file input-v1.cif (mmCIF, C-alpha atoms and all ligand atoms)
data_data
loop_
_atom_site.group_PDB
_atom_site.id
_atom_site.type_symbol
_atom_site.label_atom_id
_atom_site.label_comp_id
_atom_site.auth_asym_id
_atom_site.auth_seq_id
_atom_site.Cartn_x
_atom_site.Cartn_y
_atom_site.Cartn_z
ATOM 1 C CA MET A 28 10.623 9.324 -18.228
ATOM 2 C CA THR A 29 7.498 11.430 -18.042
ATOM 3 C CA ALA A 30 4.564 10.279 -15.961
ATOM 4 C CA THR A 31 2.551 9.800 -19.142
ATOM 5 C CA SER A 32 5.153 7.540 -20.744
ATOM 6 C CA ALA A 33 5.635 5.613 -17.486
ATOM 7 C CA LEU A 34 1.923 4.852 -17.397
ATOM 8 C CA SER A 35 1.779 4.037 -21.089
ATOM 9 C CA ASN A 36 4.706 1.601 -20.620
ATOM 10 C CA ILE A 37 2.665 -0.156 -17.940
ATOM 11 C CA ALA A 38 -0.368 -0.212 -20.236
ATOM 12 C CA SER A 39 1.667 -1.797 -23.057
ATOM 13 C CA ALA A 40 3.229 -4.336 -20.685
ATOM 14 C CA LEU A 41 -0.208 -5.310 -19.347
ATOM 15 C CA LEU A 42 -1.551 -5.794 -22.873
ATOM 16 C CA SER A 43 1.505 -7.759 -24.037
ATOM 17 C CA GLY A 44 1.576 -9.948 -20.922
ATOM 18 C CA GLN A 45 4.996 -8.713 -19.742
ATOM 19 C CA ILE A 46 3.202 -7.705 -16.549
ATOM 20 C CA THR A 47 0.811 -10.286 -15.131
ATOM 21 C CA VAL A 48 -1.892 -9.931 -12.483
ATOM 22 C CA VAL A 49 -1.694 -12.319 -9.512
ATOM 23 C CA ASP A 50 -4.755 -12.939 -7.348
ATOM 24 C CA LEU A 51 -3.867 -12.533 -3.656
ATOM 25 C CA SER A 52 -7.407 -13.198 -2.345
ATOM 26 C CA ALA A 53 -8.935 -16.463 -1.116
ATOM 27 C CA PRO A 54 -12.512 -17.449 -2.099
ATOM 28 C CA LEU A 55 -15.070 -15.672 0.146
ATOM 29 C CA GLY A 56 -18.137 -17.633 1.207
ATOM 30 C CA PRO A 57 -19.762 -19.710 3.960
ATOM 31 C CA GLU A 58 -16.689 -21.980 4.151
ATOM 32 C CA THR A 59 -14.195 -19.141 4.624
ATOM 33 C CA PRO A 60 -12.056 -19.753 7.755
ATOM 34 C CA LEU A 61 -12.524 -17.055 10.411
ATOM 35 C CA ILE A 62 -10.518 -16.155 13.486
ATOM 36 C CA TYR A 63 -11.686 -17.833 16.708
ATOM 37 C CA LEU A 64 -11.511 -15.940 19.999
ATOM 38 C CA PRO A 65 -11.984 -17.858 23.259
ATOM 39 C CA PRO A 66 -15.126 -16.616 25.105
ATOM 40 C CA GLN A 67 -13.063 -14.966 27.870
ATOM 41 C CA ILE A 68 -11.334 -12.802 25.214
ATOM 42 C CA GLY A 69 -14.414 -11.554 23.343
ATOM 43 C CA LYS A 70 -17.181 -12.182 20.825
ATOM 44 C CA ASN A 71 -16.529 -13.776 17.435
ATOM 45 C CA THR A 72 -17.315 -12.666 13.908
ATOM 46 C CA PRO A 73 -20.181 -14.777 12.473
ATOM 47 C CA PRO A 74 -19.822 -17.040 9.422
ATOM 48 C CA VAL A 75 -20.343 -15.462 6.014
ATOM 49 C CA LYS A 76 -23.940 -15.953 4.794
ATOM 50 C CA VAL A 77 -25.302 -15.362 1.306
ATOM 51 C CA HIS A 78 -29.083 -14.724 1.130
ATOM 52 C CA SER A 79 -30.864 -14.815 -2.221
ATOM 53 C CA ILE A 80 -33.166 -11.901 -3.057
ATOM 54 C CA SER A 81 -34.193 -13.351 -6.413
ATOM 55 C CA HIS A 82 -32.859 -15.899 -8.862
ATOM 56 C CA TYR A 83 -34.704 -15.404 -12.193
ATOM 57 C CA ASP A 84 -37.933 -16.339 -10.377
ATOM 58 C CA GLN A 85 -41.146 -14.797 -9.037
ATOM 59 C CA ASP A 86 -39.052 -12.531 -6.787
ATOM 60 C CA GLY A 87 -37.285 -11.053 -9.826
ATOM 61 C CA PRO A 88 -38.033 -12.782 -13.129
ATOM 62 C CA PHE A 89 -35.069 -11.563 -15.190
ATOM 63 C CA TRP A 90 -32.382 -11.090 -12.566
ATOM 64 C CA SER A 91 -30.383 -12.738 -9.821
ATOM 65 C CA TRP A 92 -29.029 -10.950 -6.752
ATOM 66 C CA ASN A 93 -28.102 -11.666 -3.160
ATOM 67 C CA TRP A 94 -27.598 -9.852 0.092
ATOM 68 C CA LEU A 95 -24.720 -10.651 2.368
ATOM 69 C CA GLU A 96 -24.224 -11.239 6.056
ATOM 70 C CA LEU A 97 -20.556 -10.571 6.441
ATOM 71 C CA GLY A 98 -18.095 -9.473 9.112
ATOM 72 C CA GLU A 99 -15.694 -6.708 8.123
ATOM 73 C CA HIS A 100 -12.771 -8.992 9.038
ATOM 74 C CA SER A 101 -13.736 -12.035 6.942
ATOM 75 C CA GLY A 102 -11.418 -13.901 4.598
ATOM 76 C CA THR A 103 -8.755 -11.945 2.750
ATOM 77 C CA HIS A 104 -9.283 -8.559 4.352
ATOM 78 C CA PHE A 105 -7.901 -5.132 5.142
ATOM 79 C CA ASP A 106 -7.388 -3.827 8.688
ATOM 80 C CA ALA A 107 -7.864 -0.062 9.056
ATOM 81 C CA PRO A 108 -6.119 1.838 11.898
ATOM 82 C CA VAL A 109 -9.411 2.298 13.768
ATOM 83 C CA HIS A 110 -9.641 -1.507 14.118
ATOM 84 C CA TRP A 111 -7.375 -1.243 17.185
ATOM 85 C CA ILE A 112 -7.805 0.978 20.235
ATOM 86 C CA THR A 113 -4.312 2.381 19.650
ATOM 87 C CA GLY A 114 -5.407 3.750 16.243
ATOM 88 C CA LYS A 115 -8.934 4.864 17.087
ATOM 89 C CA ASP A 116 -8.408 8.640 16.879
ATOM 90 C CA TYR A 117 -6.957 9.083 13.376
ATOM 91 C CA ALA A 118 -9.200 11.278 11.210
ATOM 92 C CA ASP A 119 -8.065 9.250 8.167
ATOM 93 C CA GLY A 120 -8.126 5.889 9.902
ATOM 94 C CA THR A 121 -11.412 4.368 8.680
ATOM 95 C CA THR A 122 -12.047 2.496 5.423
ATOM 96 C CA ASP A 123 -13.813 5.519 3.908
ATOM 97 C CA THR A 124 -11.168 8.090 4.892
ATOM 98 C CA ILE A 125 -7.815 6.371 4.183
ATOM 99 C CA PRO A 126 -5.956 8.171 1.345
ATOM 100 C CA VAL A 127 -6.477 6.009 -1.760
ATOM 101 C CA LYS A 128 -2.831 6.218 -2.812
ATOM 102 C CA ASN A 129 -2.082 3.794 0.032
ATOM 103 C CA PHE A 130 -4.162 1.124 -1.734
ATOM 104 C CA VAL A 131 -1.668 0.966 -4.621
ATOM 105 C CA ALA A 132 1.968 0.593 -3.578
ATOM 106 C CA PRO A 133 5.210 -1.366 -4.079
ATOM 107 C CA VAL A 134 5.580 -4.554 -2.054
ATOM 108 C CA ASN A 135 8.439 -6.223 -0.242
ATOM 109 C CA VAL A 136 7.903 -9.957 0.235
ATOM 110 C CA ILE A 137 9.843 -11.619 3.062
ATOM 111 C CA ASP A 138 9.955 -15.395 2.673
ATOM 112 C CA ILE A 139 9.815 -17.466 5.875
ATOM 113 C CA SER A 140 8.220 -20.522 4.251
ATOM 114 C CA GLN A 141 11.104 -22.887 5.093
ATOM 115 C CA GLU A 142 11.332 -21.712 8.703
ATOM 116 C CA THR A 143 7.546 -22.053 9.033
ATOM 117 C CA ALA A 144 7.569 -25.599 7.627
ATOM 118 C CA ALA A 145 10.038 -26.528 10.390
ATOM 119 C CA ASN A 146 8.288 -24.533 13.151
ATOM 120 C CA HIS A 147 4.618 -23.471 12.968
ATOM 121 C CA ASP A 148 5.251 -20.892 15.716
ATOM 122 C CA PHE A 149 8.116 -19.229 13.823
ATOM 123 C CA LEU A 150 8.536 -15.520 14.644
ATOM 124 C CA LEU A 151 10.142 -12.907 12.397
ATOM 125 C CA THR A 152 12.754 -10.705 14.129
ATOM 126 C CA PRO A 153 14.403 -7.399 13.096
ATOM 127 C CA ASP A 154 17.566 -9.338 12.209
ATOM 128 C CA HIS A 155 15.599 -11.411 9.670
ATOM 129 C CA VAL A 156 14.243 -8.208 8.119
ATOM 130 C CA LYS A 157 17.688 -6.574 8.036
ATOM 131 C CA ALA A 158 19.214 -9.679 6.427
ATOM 132 C CA TRP A 159 16.428 -9.575 3.816
ATOM 133 C CA GLU A 160 17.173 -5.868 3.146
ATOM 134 C CA ALA A 161 20.894 -6.606 2.773
ATOM 135 C CA ARG A 162 20.018 -9.027 -0.040
ATOM 136 C CA HIS A 163 17.119 -7.295 -1.753
ATOM 137 C CA GLY A 164 17.342 -3.597 -0.864
ATOM 138 C CA ARG A 165 15.749 -1.489 1.804
ATOM 139 C CA ILE A 166 12.058 -1.272 2.602
ATOM 140 C CA GLU A 167 11.085 2.066 1.065
ATOM 141 C CA PRO A 168 8.843 4.532 2.908
ATOM 142 C CA GLY A 169 5.313 4.146 1.538
ATOM 143 C CA SER A 170 5.677 0.480 0.589
ATOM 144 C CA TRP A 171 4.009 -2.654 1.982
ATOM 145 C CA VAL A 172 5.738 -5.566 3.670
ATOM 146 C CA LEU A 173 4.151 -8.986 3.118
ATOM 147 C CA LEU A 174 5.164 -12.129 4.959
ATOM 148 C CA ARG A 175 5.308 -15.190 2.737
ATOM 149 C CA SER A 176 4.931 -18.342 4.850
ATOM 150 C CA ASP A 177 3.043 -20.632 2.419
ATOM 151 C CA TRP A 178 0.452 -20.851 5.234
ATOM 152 C CA TYR A 179 -2.206 -20.061 2.620
ATOM 153 C CA LYS A 180 -1.952 -23.669 1.450
ATOM 154 C CA ARG A 181 -3.820 -24.540 4.682
ATOM 155 C CA ASN A 182 -6.567 -21.974 3.983
ATOM 156 C CA GLY A 183 -9.044 -24.591 2.661
ATOM 157 C CA SER A 184 -9.884 -25.830 6.176
ATOM 158 C CA THR A 185 -10.515 -23.891 9.394
ATOM 159 C CA GLU A 186 -8.833 -26.619 11.432
ATOM 160 C CA THR A 187 -5.524 -26.648 9.562
ATOM 161 C CA PHE A 188 -5.594 -22.874 9.017
ATOM 162 C CA LEU A 189 -6.060 -21.971 12.716
ATOM 163 C CA ASN A 190 -3.896 -24.953 13.786
ATOM 164 C CA ALA A 191 -5.005 -24.739 17.439
ATOM 165 C CA ASP A 192 -4.462 -27.160 20.306
ATOM 166 C CA GLU A 193 -5.124 -26.899 24.062
ATOM 167 C CA ASN A 194 -2.410 -24.210 24.229
ATOM 168 C CA GLY A 195 -4.007 -22.036 21.553
ATOM 169 C CA PRO A 196 -3.310 -21.403 17.865
ATOM 170 C CA HIS A 197 0.081 -22.152 16.290
ATOM 171 C CA SER A 198 0.879 -20.003 13.264
ATOM 172 C CA PRO A 199 3.808 -17.795 12.243
ATOM 173 C CA GLY A 200 4.042 -14.030 12.498
ATOM 174 C CA PRO A 201 6.143 -11.080 13.596
ATOM 175 C CA THR A 202 7.758 -10.158 16.895
ATOM 176 C CA ALA A 203 6.901 -6.718 18.288
ATOM 177 C CA GLU A 204 10.477 -5.670 17.486
ATOM 178 C CA ALA A 205 10.132 -6.671 13.811
ATOM 179 C CA ILE A 206 6.972 -4.564 13.537
ATOM 180 C CA GLU A 207 8.718 -1.611 15.234
ATOM 181 C CA TYR A 208 11.530 -1.933 12.690
ATOM 182 C CA ILE A 209 9.326 -1.966 9.597
ATOM 183 C CA ILE A 210 7.339 1.003 10.953
ATOM 184 C CA ALA A 211 10.630 2.884 11.434
ATOM 185 C CA GLN A 212 11.538 2.060 7.811
ATOM 186 C CA GLY A 213 8.305 3.784 6.765
ATOM 187 C CA ALA A 214 6.235 0.801 5.618
ATOM 188 C CA ILE A 215 2.554 1.728 5.331
ATOM 189 C CA GLY A 216 1.240 -1.795 5.734
ATOM 190 C CA TRP A 217 1.955 -5.311 6.915
ATOM 191 C CA GLY A 218 0.301 -8.354 5.360
ATOM 192 C CA THR A 219 0.280 -12.078 6.119
ATOM 193 C CA GLU A 220 -1.167 -15.364 4.859
ATOM 194 C CA THR A 221 -2.515 -16.274 8.315
ATOM 195 C CA VAL A 222 -6.053 -15.582 9.593
ATOM 196 C CA GLY A 223 -4.899 -12.295 11.154
ATOM 197 C CA THR A 224 -1.796 -10.115 10.872
ATOM 198 C CA ASP A 225 -0.330 -11.452 14.129
ATOM 199 C CA ALA A 226 1.210 -14.808 15.048
ATOM 200 C CA GLY A 227 -0.868 -17.477 16.786
ATOM 201 C CA SER A 228 1.128 -16.799 19.973
ATOM 202 C CA ALA A 229 0.691 -13.002 19.783
ATOM 203 C CA GLY A 230 -1.766 -12.735 22.686
ATOM 204 C CA GLY A 231 1.126 -13.404 25.063
ATOM 205 C CA MET A 232 3.502 -10.847 23.527
ATOM 206 C CA ASN A 233 4.385 -7.370 24.811
ATOM 207 C CA PRO A 234 2.314 -5.580 23.687
ATOM 208 C CA PRO A 235 -0.298 -8.252 22.938
ATOM 209 C CA PHE A 236 -0.987 -8.566 19.185
ATOM 210 C CA PRO A 237 1.896 -6.247 18.182
ATOM 211 C CA ALA A 238 1.108 -6.163 14.445
ATOM 212 C CA HIS A 239 -2.307 -4.752 15.358
ATOM 213 C CA ASN A 240 -1.252 -2.658 18.334
ATOM 214 C CA LEU A 241 1.824 -1.019 16.793
ATOM 215 C CA MET A 242 0.889 -0.769 13.107
ATOM 216 C CA HIS A 243 -2.478 0.834 13.844
ATOM 217 C CA LYS A 244 -0.984 3.064 16.555
ATOM 218 C CA ALA A 245 1.251 4.425 13.753
ATOM 219 C CA ASN A 246 -1.737 4.875 11.362
ATOM 220 C CA ARG A 247 -0.570 1.973 9.195
ATOM 221 C CA TYR A 248 -2.611 -0.889 7.726
ATOM 222 C CA GLY A 249 -2.917 -4.647 7.742
ATOM 223 C CA LEU A 250 -3.845 -7.367 5.264
ATOM 224 C CA ALA A 251 -4.716 -10.873 6.457
ATOM 225 C CA SER A 252 -5.416 -14.253 4.828
ATOM 226 C CA LEU A 253 -3.496 -13.333 1.669
ATOM 227 C CA VAL A 254 -2.781 -16.148 -0.807
ATOM 228 C CA ASN A 255 -0.228 -16.778 -3.558
ATOM 229 C CA LEU A 256 2.589 -14.769 -1.998
ATOM 230 C CA ASP A 257 4.908 -17.485 -3.363
ATOM 231 C CA LYS A 258 4.058 -16.112 -6.844
ATOM 232 C CA LEU A 259 5.606 -12.708 -6.033
ATOM 233 C CA PRO A 260 9.245 -11.639 -6.304
ATOM 234 C CA PRO A 261 10.972 -10.346 -3.131
ATOM 235 C CA LYS A 262 10.802 -6.855 -4.657
ATOM 236 C CA GLY A 263 9.333 -5.383 -7.827
ATOM 237 C CA ALA A 264 5.626 -6.187 -7.604
ATOM 238 C CA ILE A 265 2.896 -3.609 -7.062
ATOM 239 C CA LEU A 266 0.055 -4.308 -4.645
ATOM 240 C CA ILE A 267 -3.505 -3.155 -5.321
ATOM 241 C CA ALA A 268 -5.731 -3.762 -2.293
ATOM 242 C CA ALA A 269 -8.642 -1.420 -1.580
ATOM 243 C CA PRO A 270 -11.223 -1.990 1.158
ATOM 244 C CA LEU A 271 -14.882 -1.251 0.435
ATOM 245 C CA LYS A 272 -15.707 2.336 1.324
ATOM 246 C CA PHE A 273 -17.724 1.394 4.399
ATOM 247 C CA VAL A 274 -18.588 4.518 6.376
ATOM 248 C CA ASN A 275 -16.563 4.389 9.611
ATOM 249 C CA GLY A 276 -15.439 0.873 8.630
ATOM 250 C CA THR A 277 -12.748 -0.881 10.672
ATOM 251 C CA GLY A 278 -11.849 -3.203 7.829
ATOM 252 C CA SER A 279 -13.219 -4.921 4.759
ATOM 253 C CA PRO A 280 -12.822 -7.993 2.600
ATOM 254 C CA VAL A 281 -10.654 -7.103 -0.387
ATOM 255 C CA ARG A 282 -9.811 -8.515 -3.779
ATOM 256 C CA ALA A 283 -6.081 -8.044 -3.380
ATOM 257 C CA LEU A 284 -4.073 -8.107 -6.617
ATOM 258 C CA ALA A 285 -0.395 -7.840 -7.489
ATOM 259 C CA LEU A 286 1.156 -6.605 -10.711
ATOM 260 C CA VAL A 287 4.143 -8.845 -11.301
ATOM 261 C CA PRO A 288 6.829 -8.933 -14.029
ATOM 262 C CA ALA A 289 6.264 -12.068 -16.136
HETATM 263 MN MN MN B 301 -8.709 -8.010 10.730
#
call {"tool": "encode", "arguments": {"input": "input-v1.cif", "output": "structure tokens", "more": "lines below"}}
Ligand code: MN
result
Amino acid sequence: MTATSALSNIASALLSGQITVVDLSAPLGPETPLIYLPPQIGKNTPPVKVHSISHYDQDGPFWSWNWLELGEHSGTHFDAPVHWITGKDYADGTTDTIPVKNFVAPVNVIDISQETAANHDFLLTPDHVKAWEARHGRIEPGSWVLLRSDWYKRNGSTETFLNADENGPHSPGPTAEAIEYIIAQGAIGWGTETVGTDAGSAGGMNPPFPAHNLMHKANRYGLASLVNLDKLPPKGAILIAAPLKFVNGTGSPVRALALVPA
């Protein structure tokens, strides 16, 4: 198949509905749940604020527009390598310098929703990933790996989404070894339905926050607070997730989409 006919097949399938578009982003606004860091760890990102400039009124009679107060890491968002100290020196590691081809790529979706329902602190290991590959095929270099946990169903409320008690947050995520394995397979990104790309218990891991530490050290990317991963097949969907082209940006809210066979 030539490249032209491959693309025209996709165009026909989009128009006929054989390929559907799934929304992987949560609503972004003042109610969006944000990560909470205890004061001894660091400062927090402020709530999203929407300020009106005009609304068909004396400040602009025919038009409506707003300006935003918005952390880079708010809601469904992209983590660039420069977000972590281990990835700070990559010349192509900021939101405005990442090669755009990495924003459109095949996805592998690993389902841990049942394990997570039984254990909110469930951790993905290399053996889980290898068992998934034995069933669905290997993680190809250049593809994304997304962790389906169904945690997004808690995304309506900060309390249930962060799921914290006196011992800290309880949410699923990867072990350091699982992240090392998917990096070795050549994955360019790692995405989750939780508030960040790491598990709630990740501060106590070695290294702390391995999805951040190791992925960004390897010049790879993250996606957090994804939704609707239960609407994707294990393999066969295409992810489209591009951060805003913030100059020197460490991350950005994204409208993440997946092309999925109907
Ligand atoms: Mn982030």
call {"tool": "residues_near_ligand", "arguments": {"input": "input-v1.cif", "ligand": "ligand MN 301 (chain B)", "cutoff": "6 Å", "atoms": "all atoms listed in the file", "output": "count of residues only"}}
result
3
call {"tool": "resolve_selection", "arguments": {"input": "input-v1.cif", "expression": "the PyMOL selection byres (((chain A and resi 194-202) around 10) and not hetatm)", "output": "ChimeraX atom specification"}}
result
/A:62-65,139-140,142-144,146-153,174-176,178,186-193,203-208,217-230,232-234,236-238
call {"tool": "resolve_selection", "arguments": {"input": "input-v1.cif", "expression": "the PyMOL selection byres (((chain A and resi 48) around 7) and not hetatm)", "output": "list of chain:residue names"}}
result
A:Ile46, A:Thr47, A:Val49, A:Asp50, A:Leu284, A:Ala285, A:Leu286, A:Val287
call {"tool": "residues_around", "arguments": {"input": "input-v1.cif", "residues": "region 265-272 of chain A", "least_positions_apart": "4", "cutoff": "10 Å", "atoms": "all atoms listed in the file", "output": "PDB file with C-alpha atoms, keeping the file's coordinate frame"}}
result
ATOM      1  CA  VAL A  48      -1.892  -9.931 -12.483  1.00  0.00           C
ATOM      2  CA  VAL A  49      -1.694 -12.319  -9.512  1.00  0.00           C
ATOM      3  CA  LEU A  51      -3.867 -12.533  -3.656  1.00  0.00           C
ATOM      4  CA  SER A  52      -7.407 -13.198  -2.345  1.00  0.00           C
ATOM      5  CA  GLU A  99     -15.694  -6.708   8.123  1.00  0.00           C
ATOM      6  CA  HIS A 104      -9.283  -8.559   4.352  1.00  0.00           C
ATOM      7  CA  PHE A 105      -7.901  -5.132   5.142  1.00  0.00           C
ATOM      8  CA  ASP A 106      -7.388  -3.827   8.688  1.00  0.00           C
ATOM      9  CA  ALA A 107      -7.864  -0.062   9.056  1.00  0.00           C
ATOM     10  CA  THR A 121     -11.412   4.368   8.680  1.00  0.00           C
ATOM     11  CA  THR A 122     -12.047   2.496   5.423  1.00  0.00           C
ATOM     12  CA  ASP A 123     -13.813   5.519   3.908  1.00  0.00           C
ATOM     13  CA  THR A 124     -11.168   8.090   4.892  1.00  0.00           C
ATOM     14  CA  ILE A 125      -7.815   6.371   4.183  1.00  0.00           C
ATOM     15  CA  VAL A 127      -6.477   6.009  -1.760  1.00  0.00           C
ATOM     16  CA  LYS A 128      -2.831   6.218  -2.812  1.00  0.00           C
ATOM     17  CA  ASN A 129      -2.082   3.794   0.032  1.00  0.00           C
ATOM     18  CA  PHE A 130      -4.162   1.124  -1.734  1.00  0.00           C
ATOM     19  CA  VAL A 131      -1.668   0.966  -4.621  1.00  0.00           C
ATOM     20  CA  ALA A 132       1.968   0.593  -3.578  1.00  0.00           C
ATOM     21  CA  PRO A 133       5.210  -1.366  -4.079  1.00  0.00           C
ATOM     22  CA  VAL A 134       5.580  -4.554  -2.054  1.00  0.00           C
ATOM     23  CA  ASN A 135       8.439  -6.223  -0.242  1.00  0.00           C
ATOM     24  CA  SER A 170       5.677   0.480   0.589  1.00  0.00           C
ATOM     25  CA  TRP A 171       4.009  -2.654   1.982  1.00  0.00           C
ATOM     26  CA  LEU A 173       4.151  -8.986   3.118  1.00  0.00           C
ATOM     27  CA  LEU A 250      -3.845  -7.367   5.264  1.00  0.00           C
ATOM     28  CA  LEU A 259       5.606 -12.708  -6.033  1.00  0.00           C
ATOM     29  CA  GLY A 276     -15.439   0.873   8.630  1.00  0.00           C
ATOM     30  CA  THR A 277     -12.748  -0.881  10.672  1.00  0.00           C
ATOM     31  CA  GLY A 278     -11.849  -3.203   7.829  1.00  0.00           C
ATOM     32  CA  SER A 279     -13.219  -4.921   4.759  1.00  0.00           C
ATOM     33  CA  PRO A 280     -12.822  -7.993   2.600  1.00  0.00           C
ATOM     34  CA  VAL A 281     -10.654  -7.103  -0.387  1.00  0.00           C
ATOM     35  CA  ARG A 282      -9.811  -8.515  -3.779  1.00  0.00           C
ATOM     36  CA  ALA A 283      -6.081  -8.044  -3.380  1.00  0.00           C
ATOM     37  CA  LEU A 284      -4.073  -8.107  -6.617  1.00  0.00           C
ATOM     38  CA  ALA A 285      -0.395  -7.840  -7.489  1.00  0.00           C
ATOM     39  CA  LEU A 286       1.156  -6.605 -10.711  1.00  0.00           C
ATOM     40  CA  VAL A 287       4.143  -8.845 -11.301  1.00  0.00           C
ATOM     41  CA  PRO A 288       6.829  -8.933 -14.029  1.00  0.00           C
TER      42      PRO A 288
END
call {"tool": "resolve_selection", "arguments": {"input": "input-v1.cif", "expression": "the PyMOL selection byres (((chain A and resi 77) around 12) and not hetatm)", "output": "ChimeraX atom specification"}}
result
/A:55-58,74-76,78-81,92-97
